[in-house]
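Everything below belongs to protein_34.txt, which stores compact mmCIF, C-alpha atoms and all ligand atoms.
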```txt
# COMPACT_ATOMS: atom_id res chain seq x y z
CA MET A 1 0.00 0.00 0.00
CA LEU A 2 1.27 3.41 -0.96
CA GLY A 3 -1.30 5.64 0.74
CA HIS A 4 -3.00 6.27 4.05
CA TRP A 5 -6.61 5.10 3.84
CA PRO A 6 -9.27 6.16 4.48
CA THR A 7 -8.55 9.86 4.11
CA PRO A 8 -10.57 12.00 6.56
CA LEU A 9 -13.95 13.48 5.67
CA GLU A 10 -14.05 16.73 7.65
CA ARG A 11 -16.78 19.24 8.34
CA LEU A 12 -16.00 22.85 7.42
CA THR A 13 -18.00 24.62 10.10
CA ARG A 14 -16.70 28.13 9.60
CA LEU A 15 -16.92 28.14 5.81
CA SER A 16 -20.44 26.63 5.96
CA GLU A 17 -21.52 29.40 8.37
CA GLU A 18 -19.90 32.07 6.23
CA LEU A 19 -21.86 30.97 3.14
CA GLY A 20 -25.12 30.18 4.96
CA GLY A 21 -25.98 27.25 2.68
CA PRO A 22 -25.63 23.49 3.05
CA THR A 23 -23.10 21.91 5.42
CA ILE A 24 -19.77 21.62 3.61
CA TRP A 25 -17.55 18.58 4.04
CA VAL A 26 -14.09 18.18 2.61
CA LYS A 27 -12.75 14.79 1.58
CA ARG A 28 -9.06 15.10 2.37
CA ASP A 29 -7.39 13.44 -0.62
CA ASP A 30 -4.70 16.07 -0.21
CA CYS A 31 -3.70 13.84 2.73
CA THR A 32 -3.14 10.51 0.99
CA GLY A 33 0.22 10.12 2.70
CA LEU A 34 2.51 9.85 -0.33
CA ALA A 35 4.98 12.76 -0.68
CA ILE A 36 2.51 15.55 0.24
CA GLY A 37 -0.47 13.60 -1.12
CA GLY A 38 -3.04 14.17 -3.82
CA ASN A 39 -5.52 12.26 -5.92
CA LYS A 40 -2.95 10.43 -8.08
CA THR A 41 -1.97 8.23 -5.12
CA ARG A 42 -5.24 6.30 -5.39
CA LYS A 43 -4.66 5.61 -9.09
CA LEU A 44 -1.03 4.67 -8.48
CA GLU A 45 -2.06 1.95 -6.02
CA TYR A 46 -3.50 0.11 -9.03
CA LEU A 47 -1.03 1.28 -11.68
CA LEU A 48 2.04 0.27 -9.65
CA GLY A 49 0.46 -3.13 -8.97
CA ASP A 50 -0.09 -3.56 -12.69
CA ALA A 51 3.48 -2.43 -13.52
CA LEU A 52 5.02 -4.84 -10.99
CA ARG A 53 2.85 -7.72 -12.23
CA GLN A 54 4.16 -7.03 -15.73
CA GLY A 55 7.75 -7.10 -14.49
CA ALA A 56 8.51 -3.45 -15.26
CA ASP A 57 11.62 -1.81 -13.83
CA THR A 58 11.01 1.70 -15.24
CA LEU A 59 7.96 3.97 -15.34
CA VAL A 60 7.59 6.77 -17.86
CA THR A 61 4.89 9.33 -17.32
CA PHE A 62 3.74 12.70 -18.63
CA GLY A 63 2.39 16.01 -17.42
CA ALA A 64 2.74 19.76 -17.29
CA VAL A 65 5.88 21.16 -15.67
CA GLN A 66 4.13 21.55 -12.28
CA SER A 67 2.48 18.12 -12.52
CA ASN A 68 1.28 16.73 -9.20
CA HIS A 69 0.79 13.41 -10.93
CA ALA A 70 4.46 13.27 -11.98
CA ARG A 71 5.56 14.03 -8.40
CA GLN A 72 3.37 11.30 -6.88
CA THR A 73 4.51 8.84 -9.55
CA ALA A 74 8.14 9.59 -8.67
CA ALA A 75 7.39 8.91 -5.00
CA ALA A 76 5.56 5.67 -5.80
CA CYS A 77 8.52 4.54 -7.93
CA ALA A 78 10.93 5.32 -5.10
CA ARG A 79 8.85 3.19 -2.74
CA ALA A 80 8.72 0.29 -5.19
CA GLY A 81 12.36 0.57 -6.29
CA LEU A 82 11.55 1.45 -9.90
CA ALA A 83 13.20 4.10 -12.07
CA CYS A 84 10.95 7.04 -12.98
CA HIS A 85 11.10 9.29 -16.03
CA GLN A 86 8.94 12.42 -16.04
CA VAL A 87 8.30 13.98 -19.44
CA LEU A 88 7.18 17.48 -18.43
CA THR A 89 5.76 19.76 -21.09
CA ARG A 90 5.86 23.55 -21.03
CA SER A 91 2.11 23.82 -21.67
CA VAL A 92 1.49 26.69 -19.25
CA THR A 93 2.71 30.21 -19.88
CA SER A 94 4.25 31.39 -16.64
CA ALA A 95 6.56 34.23 -15.74
CA ASP A 96 6.86 32.95 -12.18
CA PRO A 97 10.54 32.51 -11.29
CA GLY A 98 9.79 29.30 -9.39
CA TYR A 99 7.70 27.65 -12.09
CA GLU A 100 10.41 25.39 -13.53
CA THR A 101 12.49 24.91 -10.39
CA ASN A 102 10.29 24.97 -7.30
CA GLY A 103 7.16 23.12 -6.13
CA ASN A 104 6.59 19.79 -7.85
CA VAL A 105 9.76 20.11 -9.94
CA LEU A 106 11.92 20.37 -6.83
CA LEU A 107 10.10 17.49 -5.14
CA GLY A 108 10.31 15.24 -8.21
CA ARG A 109 14.04 15.81 -8.32
CA LEU A 110 14.40 15.01 -4.61
CA LEU A 111 12.37 11.85 -5.17
CA GLY A 112 14.94 10.71 -7.70
CA ALA A 113 13.00 11.13 -10.94
CA HIS A 114 14.75 11.69 -14.28
CA GLN A 115 13.19 14.96 -15.41
CA HIS A 116 12.77 15.93 -19.05
CA ILE A 117 11.37 19.46 -19.34
CA ILE A 118 10.50 20.07 -22.98
CA ASP A 119 8.49 22.35 -25.25
CA GLU A 120 5.02 21.24 -26.18
CA ASP A 121 5.67 20.71 -29.88
CA ALA A 122 8.63 18.43 -29.12
CA ARG A 123 6.64 16.03 -26.95
CA LYS A 124 5.98 13.32 -29.50
CA SER A 125 9.46 13.10 -31.02
CA TYR A 126 11.18 13.46 -27.64
CA THR A 127 9.09 10.66 -26.14
CA GLN A 128 9.78 8.33 -29.05
CA LYS A 129 13.51 8.93 -28.70
CA LEU A 130 13.42 8.42 -24.92
CA LEU A 131 11.47 5.18 -25.24
CA SER A 132 13.83 3.73 -27.83
CA GLU A 133 16.85 4.71 -25.71
CA LEU A 134 15.34 3.02 -22.67
CA SER A 135 14.52 -0.10 -24.60
CA ASP A 136 18.02 -0.19 -26.16
CA ALA A 137 19.38 -0.02 -22.61
CA GLY A 138 17.34 -3.11 -21.74
CA ARG A 139 14.85 -1.34 -19.48
CA ARG A 140 11.40 -2.86 -19.09
CA VAL A 141 9.19 0.20 -19.43
CA TYR A 142 5.64 0.68 -18.17
CA LEU A 143 3.85 3.73 -19.52
CA VAL A 144 1.57 5.68 -17.22
CA PRO A 145 -0.69 8.08 -19.13
CA ALA A 146 -0.95 11.73 -18.06
CA GLY A 147 -2.86 11.93 -14.80
CA GLY A 148 -2.78 8.14 -14.44
CA SER A 149 -6.15 8.11 -16.15
CA ASN A 150 -7.00 4.82 -17.75
CA ALA A 151 -9.31 1.99 -16.72
CA VAL A 152 -6.67 0.66 -14.30
CA GLY A 153 -5.97 3.95 -12.52
CA ALA A 154 -9.66 4.90 -12.37
CA LEU A 155 -10.27 1.92 -10.08
CA GLY A 156 -8.65 3.99 -7.34
CA TYR A 157 -11.60 6.37 -7.46
CA ALA A 158 -14.16 3.57 -7.67
CA ALA A 159 -12.71 2.48 -4.32
CA CYS A 160 -12.93 6.06 -3.10
CA ALA A 161 -16.66 6.15 -3.91
CA GLU A 162 -17.18 3.25 -1.53
CA GLU A 163 -14.96 4.88 1.09
CA ILE A 164 -17.05 8.07 0.90
CA LEU A 165 -20.35 6.19 1.25
CA LEU A 166 -19.07 4.30 4.31
CA GLN A 167 -17.94 7.56 5.92
CA CYS A 168 -21.25 9.25 5.12
CA ALA A 169 -23.14 6.39 6.76
CA GLY A 170 -20.88 6.55 9.82
CA GLN A 171 -21.03 10.35 10.15
CA GLU A 172 -24.72 10.73 9.18
CA ILE A 173 -23.95 12.76 6.09
CA ASP A 174 -26.43 12.92 3.23
CA PRO A 175 -24.25 13.74 0.20
CA GLY A 176 -26.32 15.88 -2.19
CA VAL A 177 -23.41 16.47 -4.55
CA ILE A 178 -19.66 15.89 -4.80
CA VAL A 179 -17.61 18.67 -6.39
CA HIS A 180 -14.04 18.23 -7.64
CA ALA A 181 -11.53 19.51 -10.19
CA SER A 182 -11.50 17.38 -13.34
CA SER A 183 -8.88 17.22 -16.08
CA SER A 184 -7.69 13.81 -17.28
CA ALA A 185 -11.06 12.36 -16.20
CA GLY A 186 -9.91 9.36 -14.12
CA THR A 187 -11.17 10.80 -10.86
CA GLN A 188 -14.63 11.59 -12.21
CA ALA A 189 -15.04 8.37 -14.21
CA GLY A 190 -13.79 6.29 -11.27
CA LEU A 191 -16.22 7.91 -8.83
CA LEU A 192 -19.15 7.43 -11.22
CA TYR A 193 -18.18 3.82 -11.85
CA GLY A 194 -17.82 3.18 -8.12
CA PHE A 195 -21.21 4.68 -7.24
CA ALA A 196 -22.89 2.74 -10.06
CA GLN A 197 -21.28 -0.51 -8.85
CA LEU A 198 -22.86 0.14 -5.46
CA ASN A 199 -26.20 1.04 -7.01
CA ARG A 200 -26.04 4.60 -5.73
CA ASP A 201 -26.72 7.75 -7.68
CA VAL A 202 -24.64 10.49 -6.10
CA PRO A 203 -24.28 13.52 -8.42
CA VAL A 204 -20.64 14.26 -9.23
CA MET A 205 -19.87 17.73 -10.59
CA GLY A 206 -16.55 17.83 -12.41
CA ILE A 207 -15.11 21.33 -12.60
CA ASN A 208 -13.25 21.55 -15.89
CA VAL A 209 -9.78 22.99 -15.37
CA TYR A 210 -7.99 21.63 -18.44
CA HIS A 211 -9.98 21.37 -21.68
CA PRO A 212 -10.69 24.59 -23.62
CA ASP A 213 -13.74 22.75 -25.02
CA PRO A 214 -15.67 21.14 -22.14
CA ALA A 215 -17.19 18.63 -24.58
CA ASP A 216 -13.73 17.02 -24.70
CA LEU A 217 -13.78 16.41 -20.95
CA GLN A 218 -17.33 15.11 -21.12
CA ALA A 219 -16.30 12.66 -23.86
CA ARG A 220 -13.20 11.55 -21.95
CA VAL A 221 -15.15 10.79 -18.78
CA GLN A 222 -17.72 8.85 -20.79
CA ALA A 223 -15.05 6.90 -22.70
CA LEU A 224 -13.24 6.00 -19.50
CA LEU A 225 -16.50 4.88 -17.91
CA ASN A 226 -17.11 2.64 -20.91
CA ASP A 227 -13.57 1.23 -20.59
CA CYS A 228 -14.18 0.48 -16.92
CA GLN A 229 -17.40 -1.35 -17.76
CA ALA A 230 -15.65 -3.34 -20.49
CA LEU A 231 -12.57 -4.23 -18.41
CA HIS A 232 -13.95 -4.66 -14.91
CA GLY A 233 -17.60 -5.55 -15.50
CA ALA A 234 -20.89 -3.83 -16.10
CA THR A 235 -22.51 -2.15 -13.12
CA PRO A 236 -25.92 -3.00 -11.67
CA ALA A 237 -27.04 0.65 -11.72
CA ALA A 238 -27.10 2.88 -14.74
CA GLN A 239 -24.07 5.13 -14.42
CA GLY A 240 -24.86 8.65 -13.26
CA ARG A 241 -25.03 11.50 -15.73
CA VAL A 242 -21.62 12.91 -16.58
CA GLN A 243 -21.82 16.45 -15.27
CA VAL A 244 -19.11 18.84 -16.44
CA ASN A 245 -19.09 22.51 -15.39
CA HIS A 246 -17.03 24.91 -17.49
CA ALA A 247 -17.93 28.17 -15.74
CA TYR A 248 -14.76 28.32 -13.61
CA PHE A 249 -12.18 27.57 -16.29
CA GLY A 250 -10.97 31.15 -16.66
CA SER A 251 -8.37 31.89 -19.32
CA GLY A 252 -6.84 28.42 -19.42
CA TYR A 253 -5.19 25.46 -17.75
CA GLY A 254 -2.80 26.53 -15.03
CA GLN A 255 -4.09 30.12 -15.08
CA PRO A 256 -5.78 30.94 -11.77
CA THR A 257 -8.91 33.11 -11.87
CA PRO A 258 -9.38 36.01 -9.41
CA GLU A 259 -12.20 34.01 -7.76
CA CYS A 260 -9.85 31.05 -7.35
CA VAL A 261 -7.18 33.19 -5.68
CA GLU A 262 -9.84 34.73 -3.42
CA ALA A 263 -11.17 31.27 -2.49
CA ILE A 264 -7.65 30.06 -1.65
CA HIS A 265 -7.21 32.95 0.78
CA LEU A 266 -10.68 32.42 2.29
CA ALA A 267 -10.21 28.69 3.00
CA ALA A 268 -6.76 29.29 4.41
CA ARG A 269 -7.99 31.95 6.84
CA LEU A 270 -11.34 30.37 7.78
CA GLU A 271 -10.37 26.72 7.92
CA GLY A 272 -6.57 26.48 7.95
CA LEU A 273 -6.76 24.56 4.67
CA LEU A 274 -4.45 24.96 1.69
CA PHE A 275 -5.76 24.79 -1.87
CA ASP A 276 -3.74 25.09 -5.10
CA PRO A 277 -4.29 27.59 -7.93
CA VAL A 278 -4.54 25.03 -10.79
CA TYR A 279 -7.05 22.41 -9.59
CA ALA A 280 -8.53 22.27 -6.11
CA GLY A 281 -8.69 26.07 -5.74
CA LYS A 282 -10.86 26.27 -8.86
CA ALA A 283 -13.12 23.52 -7.50
CA LEU A 284 -13.38 25.40 -4.22
CA ALA A 285 -14.27 28.64 -6.02
CA ALA A 286 -16.89 26.72 -8.03
CA MET A 287 -18.48 25.19 -4.95
CA ILE A 288 -18.63 28.58 -3.22
CA ASP A 289 -20.27 30.17 -6.27
CA GLN A 290 -22.75 27.32 -6.74
CA ILE A 291 -23.79 27.68 -3.08
CA ASN A 292 -24.10 31.46 -3.44
CA LEU A 293 -26.22 31.00 -6.58
CA GLY A 294 -28.56 28.72 -4.60
CA ASN A 295 -27.89 25.79 -6.95
CA PHE A 296 -27.21 23.45 -4.01
CA SER A 297 -30.13 24.66 -1.89
CA ASN A 298 -31.79 21.22 -2.13
CA CYS A 299 -28.68 19.58 -0.58
CA ARG A 300 -28.29 19.11 3.15
CA ASP A 301 -24.61 18.23 2.75
CA VAL A 302 -22.10 19.05 0.03
CA ILE A 303 -18.77 17.25 -0.32
CA LEU A 304 -15.78 19.00 -1.80
CA LEU A 305 -13.18 16.45 -2.88
CA HIS A 306 -9.82 18.05 -2.14
CA THR A 307 -7.61 16.47 -4.79
CA GLY A 308 -4.33 17.93 -3.49
CA GLY A 309 -1.89 20.06 -5.46
CA THR A 310 -0.55 22.05 -2.53
CA PRO A 311 3.11 21.75 -3.64
CA ALA A 312 2.26 23.79 -6.75
CA LEU A 313 1.68 26.83 -4.50
CA ALA A 314 5.46 27.27 -4.44
CA GLY A 315 5.52 27.48 -8.24
CA TYR A 316 2.85 30.21 -8.25
CA SER A 317 3.98 32.58 -5.51
CA ALA A 318 3.88 35.63 -7.78
CA ARG A 319 0.19 35.01 -8.61
CA LEU A 320 -0.91 34.67 -4.99
C1 LIG A 401 -4.66 15.61 -11.55
C2 LIG A 401 -5.36 16.48 -10.58
C3 LIG A 401 -6.75 16.68 -10.65
C4 LIG A 401 -7.61 16.13 -11.75
O1 LIG A 401 -7.83 14.75 -11.65
P1 LIG A 401 -8.11 13.94 -12.99
O2 LIG A 401 -8.32 12.54 -12.53
O3 LIG A 401 -6.88 14.11 -13.84
O4 LIG A 401 -9.29 14.51 -13.66
C5 LIG A 401 -7.34 17.46 -9.69
N1 LIG A 401 -6.62 18.02 -8.72
C6 LIG A 401 -5.27 17.87 -8.61
C7 LIG A 401 -4.57 18.57 -7.53
C8 LIG A 401 -4.60 17.10 -9.54
O5 LIG A 401 -3.27 16.97 -9.45
```

Could the structure of this file be written out as structure tokens, please?
Ligand SMILES: *Cc1c(COP(=O)(O)O)cnc(C)c1O
Amino acid sequence: MLGHWPTPLERLTRLSEELGGPTIWVKRDDCTGLAIGGNKTRKLEYLLGDALRQGADTLVTFGAVQSNHARQTAAACARAGLACHQVLTRSVTSADPGYETNGNVLLGRLLGAHQHIIDEDARKSYTQKLLSELSDAGRRVYLVPAGGSNAVGALGYAACAEEILLQCAGQEIDPGVIVHASSSAGTQAGLLYGFAQLNRDVPVMGINVYHPDPADLQARVQALLNDCQALHGATPAAQGRVQVNHAYFGSGYGQPTPECVEAIHLAARLEGLLFDPVYAGKALAAMIDQINLGNFSNCRDVILLHTGGTPALAGYSARL
């Protein structure tokens, strides 16, 4: 086991009072226990198992320069004794002096990853060259897609769906909706698959932080759900509607909105909680706005899934 399970499900009393809407709970997947935590740890539990079963000795994975996924993959590889290559693409325009050296980049380096920071248009050719070099050197390579999002990794969030339902039963929480940041779709598809397996219809609102066209995210979640059904079995319940919200995207991936920055400050001062400017901070801003708009007024309890990302704060100091 890589992570610390279950992660806590905590009540946010002061933020709930401040907004005067439903009771807000935060599912602390920023506390998964692996090198400052985050949602990729759940996927890596399954992906590392698959890699080891296949006899791999080297993982290659992909992400933006400040990828939380790449950092958690490096930590998982260190634990399992595998080599890790991070192909990190300059897909975010940033003038922040720490963007390419601090935060997740620093941590990945400390965790022993081989880091390849490249321009976006070089990604394909660079990766091909890297893979042929590794194979010439006799390495047994296992490829982990960006965000760890395939039908294997998504199982981590199917398990999380069950974990959430058990905690809700134990803490007398009636989850009206779960809100989280969505990009490579494994978190959202895994949750939906998990709830459907358990015959429960809990609405999951994915806040799009990555795709300029939200229809792309919608299609990715749906495709991944179909893959899960094909690979791991059909579910007794019809899978819940794939709900993607694009209203909090702002000017692009990795570009915090003013509302996101404001929400980060609010949660820090009211609840002592840290949110990041790329993912969880946008989900937090979305949840706050949805409550203020009255869109969750039929919910007694709202769950915000905190997917992690805190190390990226150090790569964004100038924006905060
Ligand atoms: C990767 C990531 C997400 C998005 O999860 P997906 O499964 O890729 O949709 C959300 N929050 C943080 C902090 C992440 O690193």

Pick out the residues no farther than 9 Å from ligand LIG 401 (chain A), counting all atoms listed in the file, and list them as a PyMOL selection string.
-> chain A and resi 30+38-40+43+67-70+146-149+153-154+157+180-190+206+208-210+217+221+275-276+278-281+283+305-310+312

Would you list the residues near (-16.4, 9.5, 2.6) (no more than 10 Å away, in the coordinates of the file, using all atoms listed in the file) as a VMD selection string?
-> chain A and resid 6 to 10 25 to 28 160 to 171 173 175 303 305

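With all atoms listed in the file as the basis for measurement, A:Leu284 is the residue among A:Ser135, A:Leu304, A:Leu284, A:Gly3 that approaches Ala267 of chain A most closely.
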
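Residue nearest Leu111 of chain A within the list A:Val144, A:Ile288, A:Ala74, A:Leu88: A:Ala74 [criterion: smallest interatomic distance, only C-alpha atoms].
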
Listing only residues of segment 217-290 of chain A within 9 Å of segment 92-96 of chain A, what is the closest atom pair and its distance in Å (to one decimal) for each, using all atoms listed in the file, sorted by chain and residue number ascending, as a tab-separated table?
```
residue	atom	partner	partner_atom	distance
A:Gly252	CA	A:Val92	CA	8.5
A:Tyr253	CA	A:Val92	CA	7.0
A:Gly254	CA	A:Val92	CA	6.0
A:Gln255	CA	A:Val92	CA	7.8
```

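Between Ala247 of chain A and the residues A:Gly138, A:Gly49, A:Gly272, A:Pro212, the shortest atom-to-atom distance, using all atoms listed in the file, involves A:Pro212.
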
Between atom CA of Cys77 of chain A and atom CA of Thr41 of chain A - distance in Å to one decimal | 11.5 Å

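If only C-alpha atoms are the atoms counted, then among A:Asp216, A:Gln239, A:Ile178, A:Asp121 the closest residue to Val204 of chain A is A:Ile178.
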
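For the set A:Asn150, A:Gln243, A:Asn199, A:Thr127, the residue with the smallest atom-to-atom gap to Val179 of chain A is A:Gln243, counting all atoms listed in the file.
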
Among the residues A:Ser251, A:Gln290, A:Ser317, A:Gln54, the one that comes closest to Pro22 of chain A [using only C-alpha atoms] | A:Gln290

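Interatomic distance, atom CA of Thr235 of chain A against atom CA of Tyr193 of chain A: 7.5 Å.
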
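In this structure, atom CA of Ala76 of chain A sits 7.2 Å away from atom CA of Leu44 of chain A.
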
Which residues of segment 237-269 of chain A have any atom within 12 Å of an atom in segment 14-21 of chain A when counting all atoms listed in the file, and what is the closest pair of atoms for each, with the distance in Å to one decimal? Order the rows by chain and rising number and write it as CSV.
```
residue,atom,partner,partner_atom,distance
A:Ala263,CA,A:Leu15,CA,10.6
A:His265,CA,A:Leu15,CA,11.9
A:Leu266,CA,A:Leu15,CA,8.3
A:Ala267,CA,A:Leu15,CA,7.3
A:Ala268,CA,A:Leu15,CA,10.3
A:Arg269,CA,A:Leu15,CA,9.8
```

Keeping only C-alpha atoms, take the residues you just selected and write them out as an mmCIF file, keeping the file's coordinate frame.
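The new file selection-v4.cif reads:
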```
data_model
loop_
_atom_site.group_PDB
_atom_site.id
_atom_site.type_symbol
_atom_site.label_atom_id
_atom_site.label_comp_id
_atom_site.auth_asym_id
_atom_site.auth_seq_id
_atom_site.Cartn_x
_atom_site.Cartn_y
_atom_site.Cartn_z
ATOM 1 C CA ALA A 263 -11.170 31.270 -2.490
ATOM 2 C CA HIS A 265 -7.210 32.950 0.780
ATOM 3 C CA LEU A 266 -10.680 32.420 2.290
ATOM 4 C CA ALA A 267 -10.210 28.690 3.000
ATOM 5 C CA ALA A 268 -6.760 29.290 4.410
ATOM 6 C CA ARG A 269 -7.990 31.950 6.840
#
```

Tell me which protein, DNA and RNA residues are within 8 Å of Val65 of chain A, counting all atoms listed in the file, leaving out same-chain ones fewer than 5 positions away, and put them as a ChimeraX atom specification.
-> /A:88-92,99-100,104-105,117

Residues within 12 Å of (-28.7, 0.2, -14.6), file coords, only C-alpha atoms, listed as number ranges by chain = A: 193, 195-201, 229, 234-241

As a CSV table (one decimal), in the frame of the given file, the rebuilt segment 302-313 of chain A with N, CA, C and O atoms:
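Result saved to part.csv:
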```csv
chain,number,residue,atom,x,y,z
A,302,VAL,N,-22.9,19.0,1.3
A,302,VAL,CA,-22.1,19.0,0.0
A,302,VAL,C,-20.7,18.6,0.3
A,302,VAL,O,-20.1,18.9,1.4
A,303,ILE,N,-20.1,17.7,-0.5
A,303,ILE,CA,-18.8,17.2,-0.3
A,303,ILE,C,-17.9,17.8,-1.4
A,303,ILE,O,-18.1,17.7,-2.6
A,304,LEU,N,-16.8,18.5,-0.9
A,304,LEU,CA,-15.8,19.0,-1.8
A,304,LEU,C,-14.6,18.0,-1.7
A,304,LEU,O,-14.1,17.8,-0.6
A,305,LEU,N,-14.3,17.4,-2.8
A,305,LEU,CA,-13.2,16.4,-2.9
A,305,LEU,C,-11.9,17.3,-3.1
A,305,LEU,O,-11.7,17.9,-4.2
A,306,HIS,N,-11.1,17.3,-2.0
A,306,HIS,CA,-9.8,18.0,-2.1
A,306,HIS,C,-8.8,17.1,-2.8
A,306,HIS,O,-8.3,16.2,-2.1
A,307,THR,N,-8.4,17.4,-4.0
A,307,THR,CA,-7.6,16.5,-4.8
A,307,THR,C,-6.1,16.7,-4.6
A,307,THR,O,-5.3,16.1,-5.2
A,308,GLY,N,-5.7,17.7,-3.8
A,308,GLY,CA,-4.3,17.9,-3.5
A,308,GLY,C,-3.8,19.1,-4.3
A,308,GLY,O,-4.5,20.0,-4.6
A,309,GLY,N,-2.5,19.0,-4.6
A,309,GLY,CA,-1.9,20.1,-5.5
A,309,GLY,C,-1.2,21.1,-4.7
A,309,GLY,O,-0.6,22.0,-5.3
A,310,THR,N,-1.2,21.0,-3.4
A,310,THR,CA,-0.6,22.0,-2.5
A,310,THR,C,0.9,22.4,-2.9
A,310,THR,O,1.3,23.6,-2.8
A,311,PRO,N,1.7,21.4,-3.3
A,311,PRO,CA,3.1,21.8,-3.6
A,311,PRO,C,3.2,22.8,-4.8
A,311,PRO,O,4.2,23.5,-4.8
A,312,ALA,N,2.2,22.8,-5.6
A,312,ALA,CA,2.3,23.8,-6.8
A,312,ALA,C,2.2,25.2,-6.3
A,312,ALA,O,2.6,26.2,-7.0
A,313,LEU,N,1.7,25.5,-5.0
A,313,LEU,CA,1.7,26.8,-4.5
A,313,LEU,C,3.0,27.5,-4.6
A,313,LEU,O,3.1,28.7,-4.9
```
